[in-house]
Structure formats: C-alpha cells, structure tokens
2 protein chains.
Amino acid sequence: MNIGEAARTSGVSAKMIRHYEASGLLRPAARRSNGYRDYGEVDVRELQFIRRARNMGFATIEIIDLLSLWRDRSRASRDVHHLAARHLADLETRIAEMQAMARTLGRLVTACHGDERPECPILDDLGRCPPSE
Amino acid sequence: MNIGEAARTSGVSAKMIRHYEASGLLRPAARRSNGYRDYGEVDVRELQFIRRARNMGFATIEIIDLLSLWRDRSRASRDVHHLAARHLADLETRIAEMQAMARTLGRLVTACHGDERPECPILDDLGRCPPSE
DNA sequence: GCTGCACCTTCCCATCATGGGAAGGTCAAT
DNA sequence: ATTGACCTTCCCATGATGGGAAGGTGCAGC
C-alpha cells in the first residue's frame with residue numbers, strides 16, 4: 001500500500017509518516033521498484049499506535065520507547081508503567097501551571113468592566129511594578 | 001543601562017530582549033556610541049510587562065496588541081477585555097484537552113500492575129484497533 | 001501514443017519561544 | 001598590555017506539523 005493509503009488508513013498524515021521514519025521512530029519503509037514506500041498491515045498498526053500515543057500527549061522520544069516495549073513480548077509492564085506515570089506527572093504539572101494562569105487571568109477578566117473607558121485592571125496588573133522580586 | 005543589566009532588572013534574558021526587538025515587539029533600543037544597546041526605566045517597565053504577560057501565557061502577537069493598548073491612554077478597556085477573554089478561552093480549551101489526556105492515561109496507569117509481567121493495559125489500549133473510526 | 005491528473009520522491013522553509021555558541025569588538029581593572 | 005566580563009551579529013537547534021517546489025511515476029481516457 002502507498003503512503004497515501006497508509007495515511008488515510010492510519011490517520012497519520014503522509015508528511016508525518018515520512019517524518020517519523022526520518023526521526024528513527026519507524027524503521028525505513030520497504031520500497032517498491034519505483035522508489036515508492038510500501039506499507040502493510042503491521043505498519044498501519046504501528047502508525048495507529050503512534051497516533052494514539054500522540055493523542056495522549058506522549059513525545060516522540062517517549063513513543064520510541066513505548067513502541068519498542070510494544071514490540072517486545074517479554075517486556076516488563078513495570079517499564080511501561082514507569083514511562084506512563086512519568087508522562088502523567090508531567091501532564092499534571094503543566095495542567096496545574098496553566099490553571100494558575102487561567103485563575104489569575106479569570107480574576108482580571110472579571111474585574112475589567114470592558115467598556116469604552118480606559119481604566120483596566122488587566123493592564124494595571126501586567127504593568128504593576130513587581131513588589132520586591 | 002546595558003542589555004545585561006536590563007535583563008537582570010526585568011527578569012527577561014538578554015537573548016529574549018534582542019529577540020523581542022527583532023520581532024517588532026519592542027522598538028529598536030537606543031544605541032551608545034560603541035553600538036551597545038542602552039535602556040532606561042521605561043524600557044525596563046515594558047520588559048516587565050512583557051514578562052508578566054508571557055507568564056500568563058499570552059503569545060507574542062497578543063503582547064504586541066497588549067503593549068500598544070497599555071501605551072495608549074485613551075484605549076477602551078473593552079479591547080483589552082476582549083483580548084484577555086479570548087486568551088482565557090484558549091487556555092481553558094487547552095486545559096480541557098490535557099485533562100482528557102490525563103484522565104485516560106490515569107485510568108490506564110492505575111490499571112497496569114507495573115511488575116515484571118508483560119501484560120499491560122497501557123500498551124493494549126495504545127495498540128487496540130480503533131473500533132470503526 | 002499523448003495528455004492530464006493524482007500520486008510519489010526529496011529538499012527547503014516556516015511556525016513559536018528559547019537558548020547555545022562562534023567570531024569578533026569594547027571596556028575596566030590590574 | 002593582558003584578562004575577564006561584557007557587548008555585537010549571525011547561525012543553528014529544539015518539536016510537531018505543514019506548505020510548497022521540482023521532478024519522477026502510474027493510470028485512465030482519447
């Protein structure tokens with residue numbers, strides 16, 4: 001199957017498939033005599049795996065490890081668990097940071113009347129001299 | 001004041017100060033006879049403004065607008081409010097997306113026993129054939 | 001056979017915020 | 001004069017994704 005069909009079937013764009021190959025995430029695809037990449041069922045399943053992992057926010061470098069664990073039938077689930085738990089903690093940290101931003105911003109947005117007058121708590125806050133930082 | 005001192009005072013790295021200037025976020029700094037950039041109090045206050053806005057997750061392009069509103073004493077707070085509300089909505093969308101990832105991943109991490117056995121619900125989920133997508 | 005269209009290839013560029021580092025000029029203190 | 005800390009510009013890298021150019025291939029219709 002051509003890269004286009006593999007892309008359609010797996011939900012990963014052809015651009016990204018080539019990119020994953022170049023990044024060492026996927027082994028170099030088989031080539032037909034005309035130089036076209038040739039994919040089979042197994043490849044499509046790997047691509048779907050990658051897509052699902054990306055949907056959960058795993059970075060390429062983590063997916064490399066996840067893929068090799070997936071392929072390894074004698075893996076220890078501990079290794080997968082460790083990888084996933086680390087990523088989860090990471091996600092939660094970033095969520096907390098963004099929530100802190102959103103909380104601050106939400107307070108300011110509520111405080112700003114948002115009419116034609118120039119007074120604006122949002123700008124006041126941004127321009128406020130930091131206390132003693 | 002040299003760029004290094006402006007960086008220390010404002011909390012924005014010298015690299016980023018130059019970058020903001022090149023991006024049109026800041027007007028070109030004054031130069032001394034030796035070619036060094038020269039900053040004053042006002043510049044440092046703008047840098048702090050930028051830093052605070054970045055801490056709330058505003059993108060450069062939004063900060064350009066925020067800065068011009070900040071400088072404009074006859075602005076309408078409506079414009080600031082609109083900008084901030086849009087960014088807040090954006091933040092909340094991204095938080096929700098990440099929370100969805102974290103929820104899914106959290107369930108899987110809990111389900112994975114994480115020992116030396118190869119069975120692993122995390123990999124099973126990632127490798128699962130999508131139902132009818 | 002030729003034309004046209006859809007597909008493939010590689011290569012380069014752009015995003016966005018940030019930093020690393022090189023090559024070279026300046027300044028102040030010893 | 002040397003040294004070390006600073007400054008300048010320029011190029012490169014990150015990470016995931018896409019745009020687009022230039023050129024080859026394959027198939028369908030005429």
# chains A, B, ... in the order shown; residues from 1 in each chain; ligands from 1

call {"tool": "closest_atom_pairs", "arguments": {"of": "chain B", "to": "chain A", "cutoff": "7 Å", "atoms": "only C-alpha atoms", "output": "CSV"}}
result
residue,atom,partner,partner_atom,distance
B:Phe49,CA,A:Gly127,CA,5.0
B:Arg52,CA,A:Leu126,CA,5.7
B:Ala53,CA,A:Leu126,CA,6.3
B:Met56,CA,A:Met101,CA,4.9
B:Gly57,CA,A:Met101,CA,6.9
B:Trp70,CA,A:Leu123,CA,6.2
B:Arg73,CA,A:Pro118,CA,6.6
B:Ser74,CA,A:Pro118,CA,5.7
B:Arg75,CA,A:Pro118,CA,5.0
B:Ala76,CA,A:Glu116,CA,4.3
B:Ser77,CA,A:Gly114,CA,4.8
B:Arg78,CA,A:Gly114,CA,3.7
B:His81,CA,A:Gly114,CA,5.3
B:Ala84,CA,A:Val109,CA,6.6
B:Ala85,CA,A:Val109,CA,6.4
B:Leu88,CA,A:Ala102,CA,6.1
B:Leu91,CA,A:Ala102,CA,6.5
B:Ile95,CA,A:Ile95,CA,6.0
B:Met98,CA,A:Ile95,CA,6.8
B:Met101,CA,A:Met56,CA,4.9
B:Ala102,CA,A:Leu88,CA,6.1
B:Leu105,CA,A:Leu88,CA,6.7
B:Gly106,CA,A:Leu88,CA,6.9
B:Val109,CA,A:His81,CA,6.1
B:Cys112,CA,A:His81,CA,6.5
B:Gly114,CA,A:Arg78,CA,3.7
B:Asp115,CA,A:Arg78,CA,4.5
B:Glu116,CA,A:Ala76,CA,4.2
B:Arg117,CA,A:Ala76,CA,5.1
B:Pro118,CA,A:Ala76,CA,4.8
B:Glu119,CA,A:Ser77,CA,6.2
B:Cys120,CA,A:Ser77,CA,5.4
B:Leu123,CA,A:Trp70,CA,6.2
B:Leu126,CA,A:Phe49,CA,5.3
B:Gly127,CA,A:Phe49,CA,5.0

call {"tool": "write_last_selection", "arguments": {"atoms": "N, CA and C atoms", "output": "mmCIF file, in the first residue's frame"}}
result
data_model
loop_
_atom_site.group_PDB
_atom_site.id
_atom_site.type_symbol
_atom_site.label_atom_id
_atom_site.label_comp_id
_atom_site.auth_asym_id
_atom_site.auth_seq_id
_atom_site.Cartn_x
_atom_site.Cartn_y
_atom_site.Cartn_z
ATOM 1 N N PHE B 49 6.470 44.182 31.843
ATOM 2 C CA PHE B 49 5.110 43.975 31.323
ATOM 3 C C PHE B 49 5.076 42.734 30.435
ATOM 4 N N ARG B 52 5.415 39.547 32.467
ATOM 5 C CA ARG B 52 4.191 39.169 33.172
ATOM 6 C C ARG B 52 3.158 38.626 32.195
ATOM 7 N N ALA B 53 3.088 39.248 31.034
ATOM 8 C CA ALA B 53 2.117 38.768 30.045
ATOM 9 C C ALA B 53 2.494 37.352 29.588
ATOM 10 N N MET B 56 1.480 34.751 31.886
ATOM 11 C CA MET B 56 0.063 34.371 31.815
ATOM 12 C C MET B 56 -0.224 33.640 30.515
ATOM 13 N N GLY B 57 0.800 33.382 29.755
ATOM 14 C CA GLY B 57 0.623 32.548 28.576
ATOM 15 C C GLY B 57 0.256 33.291 27.313
ATOM 16 N N TRP B 70 -1.554 49.265 26.287
ATOM 17 C CA TRP B 70 -1.004 49.770 27.550
ATOM 18 C C TRP B 70 -0.470 51.194 27.355
ATOM 19 N N ARG B 73 -3.252 55.797 26.325
ATOM 20 C CA ARG B 73 -4.034 56.207 27.497
ATOM 21 C C ARG B 73 -5.503 56.427 27.145
ATOM 22 N N SER B 74 -5.851 56.432 25.874
ATOM 23 C CA SER B 74 -7.259 56.630 25.529
ATOM 24 C C SER B 74 -7.885 55.344 24.987
ATOM 25 N N ARG B 75 -7.253 54.227 25.328
ATOM 26 C CA ARG B 75 -7.802 52.934 24.888
ATOM 27 C C ARG B 75 -9.198 52.715 25.488
ATOM 28 N N ALA B 76 -9.902 51.750 24.898
ATOM 29 C CA ALA B 76 -11.144 51.284 25.511
ATOM 30 C C ALA B 76 -10.838 49.968 26.217
ATOM 31 N N SER B 77 -11.229 49.859 27.470
ATOM 32 C CA SER B 77 -10.917 48.631 28.209
ATOM 33 C C SER B 77 -11.595 47.440 27.549
ATOM 34 N N ARG B 78 -12.604 47.718 26.754
ATOM 35 C CA ARG B 78 -13.269 46.645 26.012
ATOM 36 C C ARG B 78 -12.273 45.842 25.170
ATOM 37 N N HIS B 81 -10.198 43.692 27.389
ATOM 38 C CA HIS B 81 -11.059 42.625 27.896
ATOM 39 C C HIS B 81 -11.264 41.548 26.845
ATOM 40 N N ALA B 84 -8.079 39.488 26.360
ATOM 41 C CA ALA B 84 -7.806 38.617 27.504
ATOM 42 C C ALA B 84 -8.821 37.483 27.574
ATOM 43 N N ALA B 85 -10.071 37.803 27.271
ATOM 44 C CA ALA B 85 -11.109 36.775 27.347
ATOM 45 C C ALA B 85 -10.853 35.698 26.297
ATOM 46 N N LEU B 88 -8.100 33.599 27.522
ATOM 47 C CA LEU B 88 -8.575 32.755 28.621
ATOM 48 C C LEU B 88 -9.335 31.553 28.066
ATOM 49 N N LEU B 91 -6.852 29.127 26.730
ATOM 50 C CA LEU B 91 -6.221 28.405 27.834
ATOM 51 C C LEU B 91 -7.146 27.304 28.332
ATOM 52 N N ILE B 95 -6.472 23.401 28.507
ATOM 53 C CA ILE B 95 -6.502 22.687 29.786
ATOM 54 C C ILE B 95 -7.444 21.492 29.694
ATOM 55 N N MET B 98 -5.856 18.676 27.815
ATOM 56 C CA MET B 98 -4.834 17.979 28.579
ATOM 57 C C MET B 98 -5.455 17.175 29.709
ATOM 58 N N MET B 101 -6.546 13.940 28.300
ATOM 59 C CA MET B 101 -5.398 13.030 28.184
ATOM 60 C C MET B 101 -5.053 12.447 29.548
ATOM 61 N N ALA B 102 -4.978 13.312 30.542
ATOM 62 C CA ALA B 102 -4.549 12.876 31.860
ATOM 63 C C ALA B 102 -5.545 11.879 32.452
ATOM 64 N N LEU B 105 -5.034 8.568 30.615
ATOM 65 C CA LEU B 105 -3.760 7.986 30.994
ATOM 66 C C LEU B 105 -3.786 7.528 32.458
ATOM 67 N N GLY B 106 -4.444 8.316 33.288
ATOM 68 C CA GLY B 106 -4.533 7.964 34.703
ATOM 69 C C GLY B 106 -5.238 6.637 34.898
ATOM 70 N N VAL B 109 -2.800 3.914 33.817
ATOM 71 C CA VAL B 109 -1.695 3.727 34.760
ATOM 72 C C VAL B 109 -2.184 2.973 35.994
ATOM 73 N N CYS B 112 -2.568 -0.727 35.191
ATOM 74 C CA CYS B 112 -1.357 -1.501 34.894
ATOM 75 C C CYS B 112 -0.661 -1.877 36.196
ATOM 76 N N GLY B 114 2.281 -2.994 36.724
ATOM 77 C CA GLY B 114 3.638 -2.458 36.814
ATOM 78 C C GLY B 114 4.618 -3.374 37.517
ATOM 79 N N ASP B 115 4.666 -4.610 37.105
ATOM 80 C CA ASP B 115 5.651 -5.524 37.675
ATOM 81 C C ASP B 115 6.453 -6.157 36.536
ATOM 82 N N GLU B 116 6.989 -7.337 36.772
ATOM 83 C CA GLU B 116 7.843 -7.919 35.728
ATOM 84 C C GLU B 116 7.045 -8.639 34.640
ATOM 85 N N ARG B 117 5.755 -8.777 34.830
ATOM 86 C CA ARG B 117 4.966 -9.469 33.812
ATOM 87 C C ARG B 117 4.740 -8.580 32.588
ATOM 88 N N PRO B 118 4.582 -9.177 31.424
ATOM 89 C CA PRO B 118 4.454 -8.390 30.194
ATOM 90 C C PRO B 118 3.055 -7.820 29.957
ATOM 91 N N GLU B 119 2.034 -8.379 30.592
ATOM 92 C CA GLU B 119 0.670 -7.904 30.344
ATOM 93 C C GLU B 119 0.564 -6.434 30.750
ATOM 94 N N CYS B 120 -0.004 -5.636 29.886
ATOM 95 C CA CYS B 120 -0.010 -4.208 30.174
ATOM 96 C C CYS B 120 -1.183 -3.517 29.492
ATOM 97 N N LEU B 123 -0.269 -0.563 26.990
ATOM 98 C CA LEU B 123 0.079 -0.935 25.612
ATOM 99 C C LEU B 123 -1.127 -1.517 24.887
ATOM 100 N N LEU B 126 -3.122 1.402 23.669
ATOM 101 C CA LEU B 126 -2.480 2.116 22.565
ATOM 102 C C LEU B 126 -2.521 1.300 21.277
ATOM 103 N N GLY B 127 -2.418 0.003 21.405
ATOM 104 C CA GLY B 127 -2.341 -0.842 20.219
ATOM 105 C C GLY B 127 -3.677 -1.370 19.765
#

call {"tool": "closest_atom_pairs", "arguments": {"of": "chain B", "to": "chain D", "cutoff": "9 Å", "atoms": "only C-alpha atoms (C1' of nucleotides)", "output": "CSV"}}
result
residue,atom,partner,partner_atom,distance
B:Asn2,CA,D:DC7,C1',8.4
B:Ile3,CA,D:DC7,C1',8.4
B:Gly4,CA,D:DC6,C1',8.1
B:Gly35,CA,D:DT8,C1',7.4
B:Tyr36,CA,D:DC7,C1',6.1
B:Arg37,CA,D:DC7,C1',8.5

call {"tool": "atom_distance", "arguments": {"atom1": "CA of Asn34 (chain B)", "atom2": "CA of Met1 (chain B)"}}
result
13.2 Å

call {"tool": "interface_residues", "arguments": {"of": "chain B", "to": "chain C", "cutoff": "9 Å", "atoms": "only C-alpha atoms (C1' of nucleotides)", "output": "MDAnalysis selection string"}}
result
chainID B and resid 15:16 34 59:60

call {"tool": "select_by_dssp", "arguments": {"residues": "chain A", "states": "alpha helix (DSSP H)", "output": "ChimeraX atom specification"}}
result
/A:3-10,14-22,41-55,60-71,77-111,121-127

call {"tool": "select_by_dssp", "arguments": {"residues": "region 12-125 of chain B", "states": "strand (DSSP E or B)", "output": "list in words"}}
result
Ala30, Arg31, Arg37 and Asp38 of chain B

call {"tool": "write_last_selection", "arguments": {"atoms": "all heavy atoms", "output": "PDB file, in the first residue's frame"}}
result
ATOM      1  N   ALA B  30      17.771  52.360  21.925  1.00  0.00           N
ATOM      2  CA  ALA B  30      18.773  53.403  21.681  1.00  0.00           C
ATOM      3  C   ALA B  30      20.151  52.759  21.717  1.00  0.00           C
ATOM      4  O   ALA B  30      20.340  51.715  22.362  1.00  0.00           O
ATOM      5  CB  ALA B  30      18.662  54.471  22.761  1.00  0.00           C
ATOM      6  N   ARG B  31      21.097  53.359  21.006  1.00  0.00           N
ATOM      7  CA  ARG B  31      22.448  52.792  20.997  1.00  0.00           C
ATOM      8  C   ARG B  31      23.445  53.820  21.519  1.00  0.00           C
ATOM      9  O   ARG B  31      23.366  54.999  21.189  1.00  0.00           O
ATOM     10  CB  ARG B  31      22.843  52.423  19.551  1.00  0.00           C
ATOM     11  CG  ARG B  31      21.965  51.380  18.904  1.00  0.00           C
ATOM     12  CD  ARG B  31      22.144  50.020  19.517  1.00  0.00           C
ATOM     13  NE  ARG B  31      21.332  49.022  18.816  1.00  0.00           N
ATOM     14  CZ  ARG B  31      21.792  47.834  18.442  1.00  0.00           C
ATOM     15  NH1 ARG B  31      23.034  47.482  18.707  1.00  0.00           N
ATOM     16  NH2 ARG B  31      20.999  46.980  17.835  1.00  0.00           N
ATOM     17  N   ARG B  37      23.385  48.481  23.085  1.00  0.00           N
ATOM     18  CA  ARG B  37      22.021  48.960  23.337  1.00  0.00           C
ATOM     19  C   ARG B  37      21.971  49.657  24.693  1.00  0.00           C
ATOM     20  O   ARG B  37      22.654  49.254  25.639  1.00  0.00           O
ATOM     21  CB  ARG B  37      21.041  47.792  23.339  1.00  0.00           C
ATOM     22  CG  ARG B  37      20.745  47.231  21.958  1.00  0.00           C
ATOM     23  CD  ARG B  37      19.854  46.008  22.060  1.00  0.00           C
ATOM     24  NE  ARG B  37      19.571  45.420  20.743  1.00  0.00           N
ATOM     25  CZ  ARG B  37      20.424  44.647  20.094  1.00  0.00           C
ATOM     26  NH1 ARG B  37      21.614  44.366  20.601  1.00  0.00           N
ATOM     27  NH2 ARG B  37      20.078  44.154  18.916  1.00  0.00           N
ATOM     28  N   ASP B  38      21.126  50.672  24.770  1.00  0.00           N
ATOM     29  CA  ASP B  38      21.033  51.462  26.002  1.00  0.00           C
ATOM     30  C   ASP B  38      19.574  51.517  26.467  1.00  0.00           C
ATOM     31  O   ASP B  38      18.694  51.912  25.703  1.00  0.00           O
ATOM     32  CB  ASP B  38      21.551  52.883  25.711  1.00  0.00           C
ATOM     33  CG  ASP B  38      21.762  53.667  27.004  1.00  0.00           C
ATOM     34  OD1 ASP B  38      21.793  53.043  28.080  1.00  0.00           O
ATOM     35  OD2 ASP B  38      21.884  54.905  26.913  1.00  0.00           O
TER      36      ASP B  38
END

call {"tool": "atom_distance", "arguments": {"atom1": "CA of Leu25 (chain B)", "atom2": "CA of Asp43 (chain B)"}}
result
11.9 Å
